[in-house]
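Student: Here you go, run17.cif (mmCIF, C-alpha atoms):
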data_entry
#
loop_
_atom_site.label_atom_id
_atom_site.label_comp_id
_atom_site.auth_asym_id
_atom_site.auth_seq_id
_atom_site.Cartn_x
_atom_site.Cartn_y
_atom_site.Cartn_z
CA MET A 29 -20.57 -8.06 -2.13
CA LYS A 30 -19.72 -7.57 1.53
CA SER A 31 -22.29 -10.14 2.60
CA LYS A 32 -20.94 -12.63 0.06
CA HIS A 33 -17.40 -12.22 1.35
CA PHE A 34 -18.58 -12.44 4.98
CA LEU A 35 -20.38 -15.72 4.32
CA ALA A 36 -17.37 -17.07 2.47
CA LEU A 37 -15.12 -16.20 5.39
CA LEU A 38 -17.48 -17.84 7.88
CA THR A 39 -17.45 -20.98 5.76
CA ALA A 40 -13.66 -20.88 5.57
CA ALA A 41 -13.43 -20.49 9.33
CA ALA A 42 -15.58 -23.55 9.86
CA LEU A 43 -13.47 -25.61 7.47
CA CYS A 44 -9.95 -24.73 8.56
CA THR A 45 -10.20 -22.28 11.52
CA ALA A 46 -8.12 -19.77 9.61
CA ILE A 47 -9.89 -16.55 10.58
CA PRO A 48 -8.66 -14.44 13.51
CA ALA A 49 -11.28 -13.27 16.00
CA THR A 50 -10.63 -9.58 15.37
CA ASN A 51 -12.55 -7.63 12.74
CA SER A 52 -9.41 -6.27 11.14
CA THR A 53 -5.78 -7.23 10.83
CA MET A 54 -3.23 -4.50 11.37
CA ILE A 55 -0.22 -4.92 9.10
CA SER A 56 3.11 -4.29 10.82
CA HIS A 57 5.71 -3.26 8.28
CA ALA A 58 9.30 -4.43 8.66
CA ASP A 59 11.84 -2.21 10.32
CA ALA A 60 13.81 -0.47 7.57
CA ALA A 61 17.03 -1.62 9.25
CA GLU A 62 16.15 -5.29 8.71
CA GLU A 63 15.99 -7.12 5.42
CA PRO A 64 12.50 -8.61 4.97
CA VAL A 65 12.04 -12.21 3.92
CA LYS A 66 11.03 -12.13 0.26
CA ILE A 67 8.35 -14.62 -0.77
CA MET A 68 7.43 -15.30 -4.40
CA ALA A 69 4.21 -17.19 -5.12
CA VAL A 70 4.57 -18.87 -8.53
CA GLY A 71 1.91 -20.75 -10.48
CA ASP A 72 -1.11 -20.73 -12.74
CA SER A 73 -4.64 -19.37 -12.27
CA ILE A 74 -4.93 -20.90 -8.80
CA THR A 75 -2.08 -18.61 -7.73
CA ASP A 76 -3.28 -15.76 -9.93
CA GLY A 77 -6.71 -15.72 -8.32
CA TYR A 78 -9.21 -16.93 -10.92
CA TRP A 79 -12.64 -15.76 -9.65
CA GLU A 80 -11.32 -14.63 -6.27
CA GLN A 81 -9.10 -11.57 -5.72
CA GLY A 82 -5.72 -12.32 -4.18
CA ALA A 83 -6.18 -16.11 -4.25
CA TYR A 84 -4.57 -17.83 -1.25
CA ARG A 85 -1.88 -15.16 -1.16
CA LYS A 86 -3.95 -12.67 0.81
CA TYR A 87 -4.69 -15.25 3.51
CA LEU A 88 -1.06 -16.33 3.64
CA TYR A 89 0.05 -12.76 4.25
CA ARG A 90 -2.70 -12.06 6.77
CA ASP A 91 -2.13 -15.28 8.71
CA LEU A 92 1.64 -14.78 8.86
CA ASN A 93 1.06 -11.29 10.24
CA ALA A 94 -1.48 -12.60 12.74
CA ASN A 95 1.15 -15.10 13.92
CA GLY A 96 3.67 -12.32 14.48
CA ILE A 97 5.66 -12.84 11.28
CA THR A 98 5.56 -9.34 9.86
CA ASN A 99 8.98 -8.84 8.29
CA ILE A 100 7.97 -10.25 4.90
CA ASP A 101 7.85 -8.90 1.37
CA MET A 102 5.76 -10.62 -1.29
CA VAL A 103 7.60 -10.19 -4.61
CA GLY A 104 6.91 -10.67 -8.30
CA PRO A 105 6.01 -8.77 -11.45
CA LYS A 106 2.26 -8.72 -10.83
CA GLY A 107 0.11 -7.05 -8.17
CA SER A 108 0.95 -4.12 -5.92
CA ASN A 109 2.67 -3.66 -2.58
CA GLU A 110 -0.55 -2.96 -0.70
CA GLU A 111 -3.96 -4.28 -1.66
CA GLN A 112 -7.22 -4.39 0.26
CA TYR A 113 -9.63 -7.26 0.79
CA ASP A 114 -12.61 -6.58 3.04
CA SER A 115 -11.15 -5.74 6.47
CA PHE A 116 -7.45 -6.33 5.90
CA SER A 117 -4.56 -5.20 3.73
CA TYR A 118 -1.96 -7.45 2.17
CA ASP A 119 1.13 -7.31 -0.02
CA GLY A 120 -0.18 -8.38 -3.43
CA ASN A 121 2.98 -8.98 -5.51
CA TYR A 122 3.30 -12.43 -7.12
CA ALA A 123 4.09 -14.43 -10.29
CA GLY A 124 0.91 -16.32 -11.19
CA TYR A 125 -0.42 -16.67 -14.75
CA SER A 126 -3.86 -17.95 -15.65
CA GLY A 127 -3.87 -20.73 -18.22
CA TYR A 128 -0.15 -21.49 -17.99
CA ALA A 129 1.32 -24.98 -17.99
CA ILE A 130 4.58 -26.18 -16.46
CA GLN A 131 6.33 -25.62 -19.77
CA TYR A 132 5.23 -24.37 -23.19
CA ILE A 133 3.11 -27.10 -24.76
CA THR A 134 1.12 -27.60 -27.93
CA GLY A 135 -1.27 -30.32 -28.99
CA THR A 136 -4.65 -30.37 -27.29
CA GLU A 137 -4.17 -26.66 -26.64
CA THR A 138 -1.23 -24.30 -26.89
CA ARG A 139 -0.26 -23.03 -23.48
CA GLN A 140 2.49 -20.72 -22.34
CA GLY A 141 4.86 -22.13 -19.74
CA ILE A 142 5.94 -21.02 -16.30
CA TYR A 143 9.42 -22.33 -17.10
CA GLU A 144 9.85 -19.98 -20.07
CA THR A 145 8.24 -17.08 -18.19
CA LEU A 146 10.69 -17.34 -15.31
CA LYS A 147 13.68 -18.00 -17.56
CA ASP A 148 13.07 -15.41 -20.30
CA GLY A 149 11.92 -12.75 -17.85
CA ASN A 150 14.83 -13.30 -15.44
CA LEU A 151 12.25 -13.18 -12.64
CA LEU A 152 14.32 -15.06 -10.07
CA GLU A 153 17.36 -12.91 -10.73
CA THR A 154 15.28 -9.74 -10.63
CA TYR A 155 13.32 -10.39 -7.41
CA GLN A 156 15.78 -12.68 -5.59
CA PRO A 157 13.18 -14.42 -3.41
CA ASP A 158 14.16 -16.12 -0.17
CA LEU A 159 11.18 -18.46 -0.41
CA VAL A 160 9.50 -19.67 -3.61
CA LEU A 161 6.04 -21.23 -3.34
CA LEU A 162 5.45 -23.19 -6.55
CA GLN A 163 2.13 -24.76 -7.48
CA ILE A 164 1.76 -25.76 -11.12
CA GLY A 165 0.43 -28.62 -13.25
CA THR A 166 -3.35 -28.23 -13.22
CA ASN A 167 -3.52 -27.08 -16.84
CA ASP A 168 -1.29 -29.95 -17.96
CA LEU A 169 -3.74 -32.28 -16.25
CA LEU A 170 -6.80 -30.60 -17.76
CA ASP A 171 -5.31 -31.10 -21.24
CA ASN A 172 -4.31 -34.73 -20.60
CA GLN A 173 -0.67 -33.74 -21.06
CA ASN A 174 0.39 -36.46 -18.66
CA ALA A 175 3.17 -37.92 -20.80
CA GLY A 176 6.44 -36.41 -19.58
CA ILE A 177 4.71 -34.22 -16.98
CA THR A 178 7.20 -35.08 -14.22
CA ASP A 179 10.15 -34.49 -16.54
CA ARG A 180 8.80 -31.03 -17.34
CA LEU A 181 8.32 -30.31 -13.64
CA GLU A 182 11.87 -31.45 -12.86
CA LYS A 183 13.23 -29.11 -15.53
CA LEU A 184 11.32 -26.23 -13.92
CA VAL A 185 12.41 -27.23 -10.42
CA ASP A 186 16.06 -27.43 -11.53
CA LYS A 187 15.78 -23.96 -13.06
CA LEU A 188 14.40 -22.59 -9.80
CA LEU A 189 17.04 -24.30 -7.67
CA ASP A 190 19.80 -23.05 -9.95
CA SER A 191 18.48 -19.48 -9.88
CA ILE A 192 17.73 -18.88 -6.22
CA ASP A 193 20.30 -18.14 -3.56
CA SER A 194 21.92 -21.10 -1.80
CA ASN A 195 20.22 -20.03 1.44
CA SER A 196 16.78 -19.80 -0.15
CA MET A 197 14.09 -22.49 -0.02
CA LEU A 198 11.82 -23.85 -2.74
CA PHE A 199 8.44 -25.27 -1.76
CA VAL A 200 6.73 -27.42 -4.41
CA ALA A 201 3.03 -28.11 -3.94
CA SER A 202 0.58 -30.76 -5.00
CA VAL A 203 -2.49 -29.53 -6.87
CA PRO A 204 -6.15 -29.72 -5.82
CA ASP A 205 -8.43 -32.44 -7.12
CA ILE A 206 -10.67 -31.75 -10.10
CA ASP A 207 -14.42 -32.22 -9.69
CA VAL A 208 -15.06 -34.11 -12.92
CA SER A 209 -18.84 -34.02 -12.48
CA VAL A 210 -18.71 -30.21 -12.65
CA ARG A 211 -15.88 -29.73 -15.15
CA HIS A 212 -15.99 -32.64 -17.60
CA ASP A 213 -16.54 -30.08 -20.39
CA TRP A 214 -12.94 -28.88 -19.82
CA LEU A 215 -11.60 -32.43 -19.94
CA TRP A 216 -12.45 -33.35 -23.49
CA ALA A 217 -8.82 -34.26 -24.23
CA TYR A 218 -9.29 -37.42 -22.18
CA GLN A 219 -11.86 -38.65 -24.70
CA SER A 220 -9.00 -39.52 -27.04
CA SER A 221 -8.16 -42.27 -24.56
CA GLY A 222 -11.42 -43.97 -25.46
CA TYR A 223 -13.43 -42.62 -22.54
CA SER A 224 -16.48 -40.38 -22.57
CA TYR A 225 -18.11 -38.80 -19.52
CA GLU A 226 -21.54 -38.99 -21.13
CA ASN A 227 -21.21 -42.68 -21.98
CA ASN A 228 -19.37 -43.83 -18.89
CA PRO A 229 -19.01 -41.17 -16.19
CA GLU A 230 -17.54 -43.58 -13.62
CA GLU A 231 -14.64 -44.71 -15.80
CA PHE A 232 -14.01 -41.21 -17.14
CA THR A 233 -13.95 -39.77 -13.62
CA ALA A 234 -11.62 -42.53 -12.42
CA LEU A 235 -9.23 -41.80 -15.31
CA VAL A 236 -8.97 -38.10 -14.48
CA GLU A 237 -8.74 -38.69 -10.74
CA GLN A 238 -5.94 -41.20 -11.27
CA SER A 239 -4.06 -38.66 -13.39
CA VAL A 240 -4.25 -36.10 -10.56
CA ASP A 241 -3.21 -38.69 -7.96
CA ASN A 242 -0.29 -39.88 -10.10
CA TYR A 243 0.93 -36.33 -10.64
CA ASN A 244 0.72 -35.40 -6.97
CA ALA A 245 2.59 -38.56 -6.01
CA SER A 246 5.28 -37.72 -8.57
CA VAL A 247 5.63 -34.20 -7.12
CA LYS A 248 6.33 -35.66 -3.68
CA GLU A 249 8.76 -38.21 -5.12
CA LEU A 250 10.59 -35.51 -7.07
CA VAL A 251 10.99 -33.38 -3.95
CA GLU A 252 12.33 -36.37 -2.01
CA LYS A 253 14.78 -37.12 -4.83
CA LYS A 254 16.10 -33.54 -4.80
CA GLN A 255 16.30 -33.51 -1.00
CA ALA A 256 18.41 -36.68 -1.09
CA ALA A 257 20.78 -34.84 -3.44
CA GLY A 258 21.08 -31.97 -0.94
CA ALA A 259 18.72 -29.45 -2.54
CA ARG A 260 16.90 -26.90 -0.39
CA ILE A 261 13.39 -27.99 -1.30
CA ARG A 262 10.22 -29.00 0.55
CA PHE A 263 6.92 -30.61 -0.40
CA ALA A 264 3.64 -28.83 0.37
CA ASP A 265 0.53 -31.00 0.18
CA ILE A 266 -2.04 -28.41 -0.87
CA ASN A 267 -4.29 -31.21 -2.16
CA SER A 268 -4.86 -32.32 1.44
CA VAL A 269 -6.55 -29.04 2.47
CA VAL A 270 -8.83 -28.24 -0.50
CA ASP A 271 -12.02 -30.31 -0.36
CA VAL A 272 -13.17 -31.23 -3.87
CA LYS A 273 -16.85 -30.63 -3.04
CA THR A 274 -16.76 -27.64 -0.67
CA GLY A 275 -13.46 -25.92 -1.53
CA LEU A 276 -13.87 -25.37 -5.28
CA LYS A 277 -15.86 -22.67 -7.05
CA ASP A 278 -16.05 -24.20 -10.53
CA GLY A 279 -14.69 -27.71 -10.14
CA VAL A 280 -11.07 -26.58 -10.67
CA HIS A 281 -10.41 -23.23 -9.02
CA PRO A 282 -10.81 -22.76 -5.25
CA ASN A 283 -13.56 -20.63 -3.75
CA GLU A 284 -12.86 -18.31 -0.83
CA ALA A 285 -13.18 -21.17 1.66
CA GLY A 286 -10.66 -23.21 -0.33
CA TYR A 287 -8.27 -20.29 -0.67
CA ALA A 288 -8.51 -19.56 3.07
CA CYS A 289 -7.53 -23.16 3.83
CA MET A 290 -4.66 -22.90 1.34
CA GLY A 291 -3.46 -19.66 2.91
CA LYS A 292 -3.57 -21.15 6.39
CA TYR A 293 -1.65 -24.22 5.24
CA TRP A 294 0.99 -22.15 3.44
CA SER A 295 1.40 -19.90 6.48
CA GLU A 296 1.97 -22.98 8.63
CA GLN A 297 4.61 -24.28 6.21
CA VAL A 298 6.40 -20.93 6.05
CA SER A 299 6.16 -20.41 9.82
CA ALA A 300 7.59 -23.86 10.49
CA TYR A 301 10.47 -23.16 8.13
#
Once more with this new file: its structure as structure tokens, please.
Tutor:
Amino acid sequence: MKSKHFLALLTAAALCTAIPATNSTMISHADAAEEPVKIMAVGDSITDGYWEQGAYRKYLYRDLNANGITNIDMVGPKGSNEEQYDSFSYDGNYAGYSGYAIQYITGTETRQGIYETLKDGNLLETYQPDLVLLQIGTNDLLDNQNAGITDRLEKLVDKLLDSIDSNSMLFVASVPDIDVSVRHDWLWAYQSSGYSYENNPEEFTALVEQSVDNYNASVKELVEKKQAAGARIRFADINSVVDVKTGLKDGVHPNEAGYACMGKYWSEQVSAY
């Protein structure tokens, strides 16, 4: 297990130079007299950590600490305040749920929604995050639930903006590409559009890839629309740092190299803010 993690970290370092030179990262806890910046990571299995413990969140926390930003508190109903991954500790609290869509949906599959989870659980009111890192939509895309996808995202974004403090910031991320050649068995809902991977892999792949591209473009456009209206919101282009061939473990979920690149990117976004 140690050798597997070490190789994964070496690969991640080569891809996005995210790994500090030291063998361990010492976590500096915030002075009790200062209020820490509370960060809530919100999303589906990519935030939850499908396959890989701690997802990108562990790298985000480690990289922020390595850059001298130590007065932070990861918040949410899942995880624990201190978790261990290989040679470093991290704050493991978050709000990520495997299999969840933007909003409760039925049809191809029935999926629970992040919108309802946040709303019914009063998670924003309970944890009062200063920064919300939202990445959601992959399961909607897998199920070909593209009709109304941006409207559902806007409803979720509006809920978040209405629930966080006026001095807080919402980051909304694009989603990674899907490797259709690896995961076409999860994409059977697209066959109802008259396409079949077995019969025409090129057209089927193009259809799915266009769906991902369209969604990511709509995320950016939605953020720009809200910014123009004065909302405290920023776009995070996670898609740009997860390579579809080297950064995914199963064609959908990132491997350790992909998560390390995500964590580095998120730490840069948070540091810049």
Student: Using the chain letters and numbers from the file, give me the residues hit by the PyMOL selection byres ((chain A and resi 239) around 12), as a PyMOL selection string.
Tutor: chain A and resi 165-166+168-175+177-178+203-206+208+215+218+232-238+240-246
Student: Evaluate the PyMOL selection byres ((chain A and resi 110-125) around 10) against this structure - the residues, as a PyMOL selection string, please.
Tutor: chain A and resi 29-30+33-34+50-55+67-78+81-83+85-90+93+100-109+126-129+140-142+145-146+151+161-164
Student: Identify which of the residues A:Ser220, A:Gln156, A:Gln297, A:Asn228 lies closest to A:Val200, counting all atoms listed in the file when measuring atom-to-atom distances.
Tutor: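 The shortest atom-to-atom distance to A:Val200 comes from A:Gln297.
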Student: Just how far from atom CA of A:Val269 is atom CA of A:Ala300, in Å to one decimal?
Tutor: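 Those two atoms sit 17.1 Å apart.
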Student: Run through the PyMOL selection byres ((chain A and resi 288) around 7) on the given coordinates and return the selected residues as an MDAnalysis selection string.
Tutor: chainID A and resid 40 46 84 87 284:287 289:292
Student: If you measure from atom CA of A:Glu62 to atom CA of A:Thr98, what distance in Å do you get, rounded to one decimal?
Tutor: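 It comes out at 11.4 Å.
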Student: What box, with edges along x, y and z, holds each listed atom of stretch 172-180 of chain A when 8 Å is added on every side, and can you state its centre and edge lengths in Å to one decimal, as AutoDock Vina command-line options?
Tutor:
--center_x 2.9 --center_y -34.5 --center_z -17.6 --size_x 30.5 --size_y 22.9 --size_z 22.8
Student: If I take atom CA of A:Glu296 and atom CA of A:Ala264, how far is one from the other in Å, to one decimal?
Tutor: 10.3 Å
Student: Skip A:Leu152 itself and residues of its chain fewer than 6 positions away, then list as an NGL selection string all residues within 8 Å of it, counting all atoms listed in the file.
Tutor: :A and (146 or 188 or 191-192)
Student: Using all atoms listed in the file, which of A:Val210, A:Ala217, A:Ile133, A:Val160 sits nearest A:Arg180?
Tutor: A:Ile133
Student: When you count only C-alpha atoms, which of these residues is closest to A:Asn167: A:Arg260, A:Lys273, A:Lys248, A:Arg139?
Tutor: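 Among the listed residues, the smallest separation from A:Asn167 belongs to A:Arg139.
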Student: Using only C-alpha atoms, which of the listed residues (A:Leu159, A:Trp216, A:Lys147, A:Leu184) sits closest to A:Gln131?
Tutor: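 For A:Gln131, the nearest of the candidates is A:Leu184.
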Student: Generate the missing atoms of stretch 249-260 of chain A up to N, CA, C and O atoms and report them as a CSV table (one decimal), keeping the file's coordinate frame.
Tutor:
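Result saved to out.csv:
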chain,number,residue,atom,x,y,z
A,249,GLU,N,7.6,-37.4,-4.8
A,249,GLU,CA,8.8,-38.2,-5.1
A,249,GLU,C,9.9,-37.4,-5.7
A,249,GLU,O,11.1,-37.6,-5.3
A,250,LEU,N,9.6,-36.4,-6.5
A,250,LEU,CA,10.6,-35.5,-7.1
A,250,LEU,C,11.3,-34.7,-6.0
A,250,LEU,O,12.5,-34.5,-5.9
A,251,VAL,N,10.5,-34.2,-5.1
A,251,VAL,CA,11.0,-33.4,-4.0
A,251,VAL,C,11.9,-34.2,-3.1
A,251,VAL,O,13.0,-33.8,-2.7
A,252,GLU,N,11.5,-35.5,-2.8
A,252,GLU,CA,12.3,-36.4,-2.0
A,252,GLU,C,13.6,-36.7,-2.7
A,252,GLU,O,14.7,-36.8,-2.1
A,253,LYS,N,13.6,-36.9,-4.0
A,253,LYS,CA,14.8,-37.1,-4.8
A,253,LYS,C,15.8,-35.9,-4.7
A,253,LYS,O,17.0,-36.1,-4.5
A,254,LYS,N,15.2,-34.7,-4.9
A,254,LYS,CA,16.1,-33.5,-4.8
A,254,LYS,C,16.6,-33.3,-3.4
A,254,LYS,O,17.8,-32.9,-3.2
A,255,GLN,N,15.8,-33.6,-2.4
A,255,GLN,CA,16.3,-33.5,-1.0
A,255,GLN,C,17.5,-34.5,-0.7
A,255,GLN,O,18.4,-34.1,-0.1
A,256,ALA,N,17.3,-35.7,-1.3
A,256,ALA,CA,18.4,-36.7,-1.1
A,256,ALA,C,19.7,-36.2,-1.7
A,256,ALA,O,20.8,-36.6,-1.3
A,257,ALA,N,19.6,-35.4,-2.8
A,257,ALA,CA,20.8,-34.8,-3.4
A,257,ALA,C,21.3,-33.6,-2.8
A,257,ALA,O,22.3,-33.0,-3.3
A,258,GLY,N,20.6,-33.1,-1.7
A,258,GLY,CA,21.1,-32.0,-0.9
A,258,GLY,C,20.4,-30.7,-1.3
A,258,GLY,O,20.8,-29.6,-0.8
A,259,ALA,N,19.4,-30.7,-2.1
A,259,ALA,CA,18.7,-29.4,-2.5
A,259,ALA,C,17.9,-28.9,-1.4
A,259,ALA,O,17.3,-29.6,-0.6
A,260,ARG,N,17.8,-27.6,-1.4
A,260,ARG,CA,16.9,-26.9,-0.4
A,260,ARG,C,15.5,-26.8,-1.0
A,260,ARG,O,15.1,-25.8,-1.6
